[in-house]
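Comments concern the structure below.
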Amino acid sequence: MSEVQAMRVGFGYDMHRLVEGRKLILGGVEIPHNKGLLGHSDADVLIHAVCDALLGSTAHGDIGVIFPDSDTKYRGISSLKLLQRVGTILAGKGAEVGNIDSTVIAEEPKLRNFIPEMRKNIADALAIDINRISVKSTTNEGLGATGRKEGIAAHCVVLVSSKTGVLDGK
């Protein structure tokens, strides 16, 4: 009998407002900047987009369903901890991450020098090879809320597979 392998794609998106008095955390890296992202957790838009993409690939909803902002236990939590939990959910379904491709949209600060550490943090949180992780950064060329430096956004696409052939949600 041949082995059945299910494959699924997931897409994630997140955006948070930039405010004074908060640390800027992206990909689990604290980045020097005069503003940080506003949110219930550490507001790491990159990790949130990755979580949403992974959860979506297995029909588990989104980060707000699994980790609601109405639950105080998630207040200020590192999004890398949330990503680890998402990895556990996927592993429980027999899912394996094929690859993650993500893009952070920010006018400033420049992120290029922080990307290797972001990739490592994501790989470590999911216990997968760093070569399966792509993190890119771009600007919005001054257009929209990100272009006006009001916030930072992230997009993510993932591919997951399962040798059991089952990748359905709950």
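Residues are referred to by chain and number: the chain letter is A, B, ... according to the order shown in the structure tokens, the number counts from 1 in that chain, and ligands are numbered separately from 1 in the order shown.
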Rows by chain and residue number, region 92-146 of chain A within 10 Å of region 41-56 of chain A, shortest pair, only C-alpha atoms, as CSV:
```
residue,atom,partner,partner_atom,distance
A:Ala95,CA,A:Leu54,CA,9.8
A:Val97,CA,A:Leu54,CA,8.3
A:Ile100,CA,A:Val50,CA,7.6
A:Asp101,CA,A:Val50,CA,8.7
A:Ser102,CA,A:Val50,CA,7.5
A:Thr103,CA,A:Leu46,CA,7.8
A:Val104,CA,A:Leu46,CA,6.5
A:Ile105,CA,A:Leu46,CA,9.5
A:Met118,CA,A:Leu46,CA,9.1
A:Asn121,CA,A:Ile47,CA,9.7
A:Ile122,CA,A:Ile47,CA,7.8
A:Val135,CA,A:Leu46,CA,8.8
```
Requested write-out: all heavy atoms of the selected residues, as an mmCIF file, in the first residue's frame:
```
data_model
loop_
_atom_site.group_PDB
_atom_site.id
_atom_site.type_symbol
_atom_site.label_atom_id
_atom_site.label_comp_id
_atom_site.auth_asym_id
_atom_site.auth_seq_id
_atom_site.Cartn_x
_atom_site.Cartn_y
_atom_site.Cartn_z
ATOM 1 N N ALA A 95 1.069 16.780 11.714
ATOM 2 C CA ALA A 95 1.495 17.733 10.686
ATOM 3 C C ALA A 95 2.972 18.068 10.825
ATOM 4 O O ALA A 95 3.498 18.190 11.923
ATOM 5 C CB ALA A 95 0.674 19.017 10.782
ATOM 6 N N VAL A 97 5.861 20.850 9.274
ATOM 7 C CA VAL A 97 6.035 22.088 8.523
ATOM 8 C C VAL A 97 7.016 21.847 7.391
ATOM 9 O O VAL A 97 8.152 21.426 7.615
ATOM 10 C CB VAL A 97 6.552 23.227 9.429
ATOM 11 C CG1 VAL A 97 6.792 24.492 8.619
ATOM 12 C CG2 VAL A 97 5.571 23.497 10.567
ATOM 13 N N ILE A 100 8.124 27.891 5.661
ATOM 14 C CA ILE A 100 7.463 29.125 6.068
ATOM 15 C C ILE A 100 8.097 30.256 5.274
ATOM 16 O O ILE A 100 9.318 30.399 5.259
ATOM 17 C CB ILE A 100 7.650 29.377 7.587
ATOM 18 C CG1 ILE A 100 6.951 28.283 8.390
ATOM 19 C CG2 ILE A 100 7.169 30.771 7.971
ATOM 20 C CD1 ILE A 100 7.239 28.330 9.878
ATOM 21 N N ASP A 101 7.264 31.048 4.621
ATOM 22 C CA ASP A 101 7.741 32.215 3.876
ATOM 23 C C ASP A 101 6.981 33.427 4.396
ATOM 24 O O ASP A 101 5.755 33.473 4.311
ATOM 25 C CB ASP A 101 7.497 32.019 2.382
ATOM 26 C CG ASP A 101 8.073 33.146 1.544
ATOM 27 O OD1 ASP A 101 8.950 33.887 2.046
ATOM 28 O OD2 ASP A 101 7.647 33.295 0.389
ATOM 29 N N SER A 102 7.708 34.395 4.951
ATOM 30 C CA SER A 102 7.060 35.534 5.579
ATOM 31 C C SER A 102 7.706 36.849 5.153
ATOM 32 O O SER A 102 8.871 36.882 4.756
ATOM 33 C CB SER A 102 7.134 35.393 7.104
ATOM 34 O OG SER A 102 8.486 35.321 7.519
ATOM 35 N N THR A 103 6.898 37.908 5.258
ATOM 36 C CA THR A 103 7.372 39.250 4.940
ATOM 37 C C THR A 103 6.849 40.219 5.994
ATOM 38 O O THR A 103 5.653 40.213 6.306
ATOM 39 C CB THR A 103 6.863 39.710 3.556
ATOM 40 O OG1 THR A 103 7.278 38.759 2.569
ATOM 41 C CG2 THR A 103 7.407 41.082 3.201
ATOM 42 N N VAL A 104 7.752 41.036 6.523
ATOM 43 C CA VAL A 104 7.384 42.109 7.451
ATOM 44 C C VAL A 104 7.368 43.404 6.659
ATOM 45 O O VAL A 104 8.304 43.693 5.908
ATOM 46 C CB VAL A 104 8.388 42.212 8.622
ATOM 47 C CG1 VAL A 104 8.016 43.369 9.552
ATOM 48 C CG2 VAL A 104 8.476 40.907 9.385
ATOM 49 N N ILE A 105 6.307 44.199 6.836
ATOM 50 C CA ILE A 105 6.189 45.481 6.146
ATOM 51 C C ILE A 105 6.340 46.589 7.179
ATOM 52 O O ILE A 105 5.488 46.739 8.069
ATOM 53 C CB ILE A 105 4.831 45.617 5.413
ATOM 54 C CG1 ILE A 105 4.659 44.472 4.420
ATOM 55 C CG2 ILE A 105 4.746 46.948 4.691
ATOM 56 C CD1 ILE A 105 3.745 43.412 4.888
ATOM 57 N N MET A 118 15.728 36.236 13.785
ATOM 58 C CA MET A 118 14.295 35.952 13.669
ATOM 59 C C MET A 118 14.080 34.544 13.125
ATOM 60 O O MET A 118 13.262 33.776 13.647
ATOM 61 C CB MET A 118 13.615 36.962 12.747
ATOM 62 C CG MET A 118 13.543 38.363 13.270
ATOM 63 S SD MET A 118 12.758 39.410 12.010
ATOM 64 C CE MET A 118 13.123 41.035 12.628
ATOM 65 N N ASN A 121 14.902 31.990 15.781
ATOM 66 C CA ASN A 121 13.867 31.918 16.813
ATOM 67 C C ASN A 121 12.659 31.120 16.349
ATOM 68 O O ASN A 121 12.112 30.313 17.102
ATOM 69 C CB ASN A 121 13.429 33.333 17.227
ATOM 70 C CG ASN A 121 14.475 34.053 18.044
ATOM 71 O OD1 ASN A 121 15.402 33.457 18.577
ATOM 72 N ND2 ASN A 121 14.338 35.358 18.125
ATOM 73 N N ILE A 122 12.223 31.343 15.118
ATOM 74 C CA ILE A 122 11.073 30.613 14.587
ATOM 75 C C ILE A 122 11.408 29.132 14.448
ATOM 76 O O ILE A 122 10.622 28.263 14.849
ATOM 77 C CB ILE A 122 10.625 31.217 13.239
ATOM 78 C CG1 ILE A 122 10.091 32.645 13.455
ATOM 79 C CG2 ILE A 122 9.578 30.327 12.560
ATOM 80 C CD1 ILE A 122 9.893 33.438 12.177
ATOM 81 N N VAL A 135 12.357 34.806 6.104
ATOM 82 C CA VAL A 135 11.836 36.072 6.615
ATOM 83 C C VAL A 135 12.415 37.171 5.740
ATOM 84 O O VAL A 135 13.622 37.236 5.532
ATOM 85 C CB VAL A 135 12.235 36.313 8.092
ATOM 86 C CG1 VAL A 135 11.767 37.693 8.556
ATOM 87 C CG2 VAL A 135 11.681 35.218 9.003
#
```
_What parts of region 17-167 of chain A does DSSP call strand (DSSP E)? I'd like the answer as a PyMOL selection string._
chain A and resi 17-19+24-26+29-31+36-37+95-105+133-138+151-162
_Residues of region 14-166 of chain A classed as alpha helix (DSSP H) by DSSP on the backbone are to be reported as a ChimeraX atom specification._
/A:45-57,63-66,79-92,115-126,144-147
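Minimum atom-to-atom distances from A:Ser70, A:Gly10, A:Gly151, A:Ile89 to Leu38 (chain A) were compared using only C-alpha atoms, and the lowest value belongs to A:Gly151.
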Non-local contacts of Ala145 (chain A) (12 Å; only C-alpha atoms; under 3 positions in same chain excluded) as a count of residues only: 17
| query | Skipping near chain neighbours, those fewer than 4 positions away, what residues fall within 6 Å of Leu159 (chain A) using only C-alpha atoms, listed as a PyMOL selection string? | reply | chain A and resi 8-9+98-99
d(CA of Gly76 (chain A), CA of Gly39 (chain A)) in Å: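 Rounded to one decimal, the two atoms are 8.2 Å apart.
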Using only C-alpha atoms, the best pick from A:Val160, A:Leu143, A:Ile77, A:Val86 as closest to Leu126 (chain A) would be A:Val86
Min atom-atom distance to Asn131 (chain A) from the set A:Pro116, A:Lys23, A:Lys110, A:Phe67, counting only C-alpha atoms, belongs to A:Pro116
Skip region 112-115 of chain A itself and residues of its chain fewer than 2 positions away, then list as a count of residues only all residues within 10 Å of it, counting only C-alpha atoms.
17
When distances are computed from only C-alpha atoms, which of A:Ser78, A:Ala6, A:Phe11, A:Ala127 shows the smallest separation from His155 (chain A)?
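The shortest atom-to-atom distance to His155 (chain A) comes from A:Phe11.
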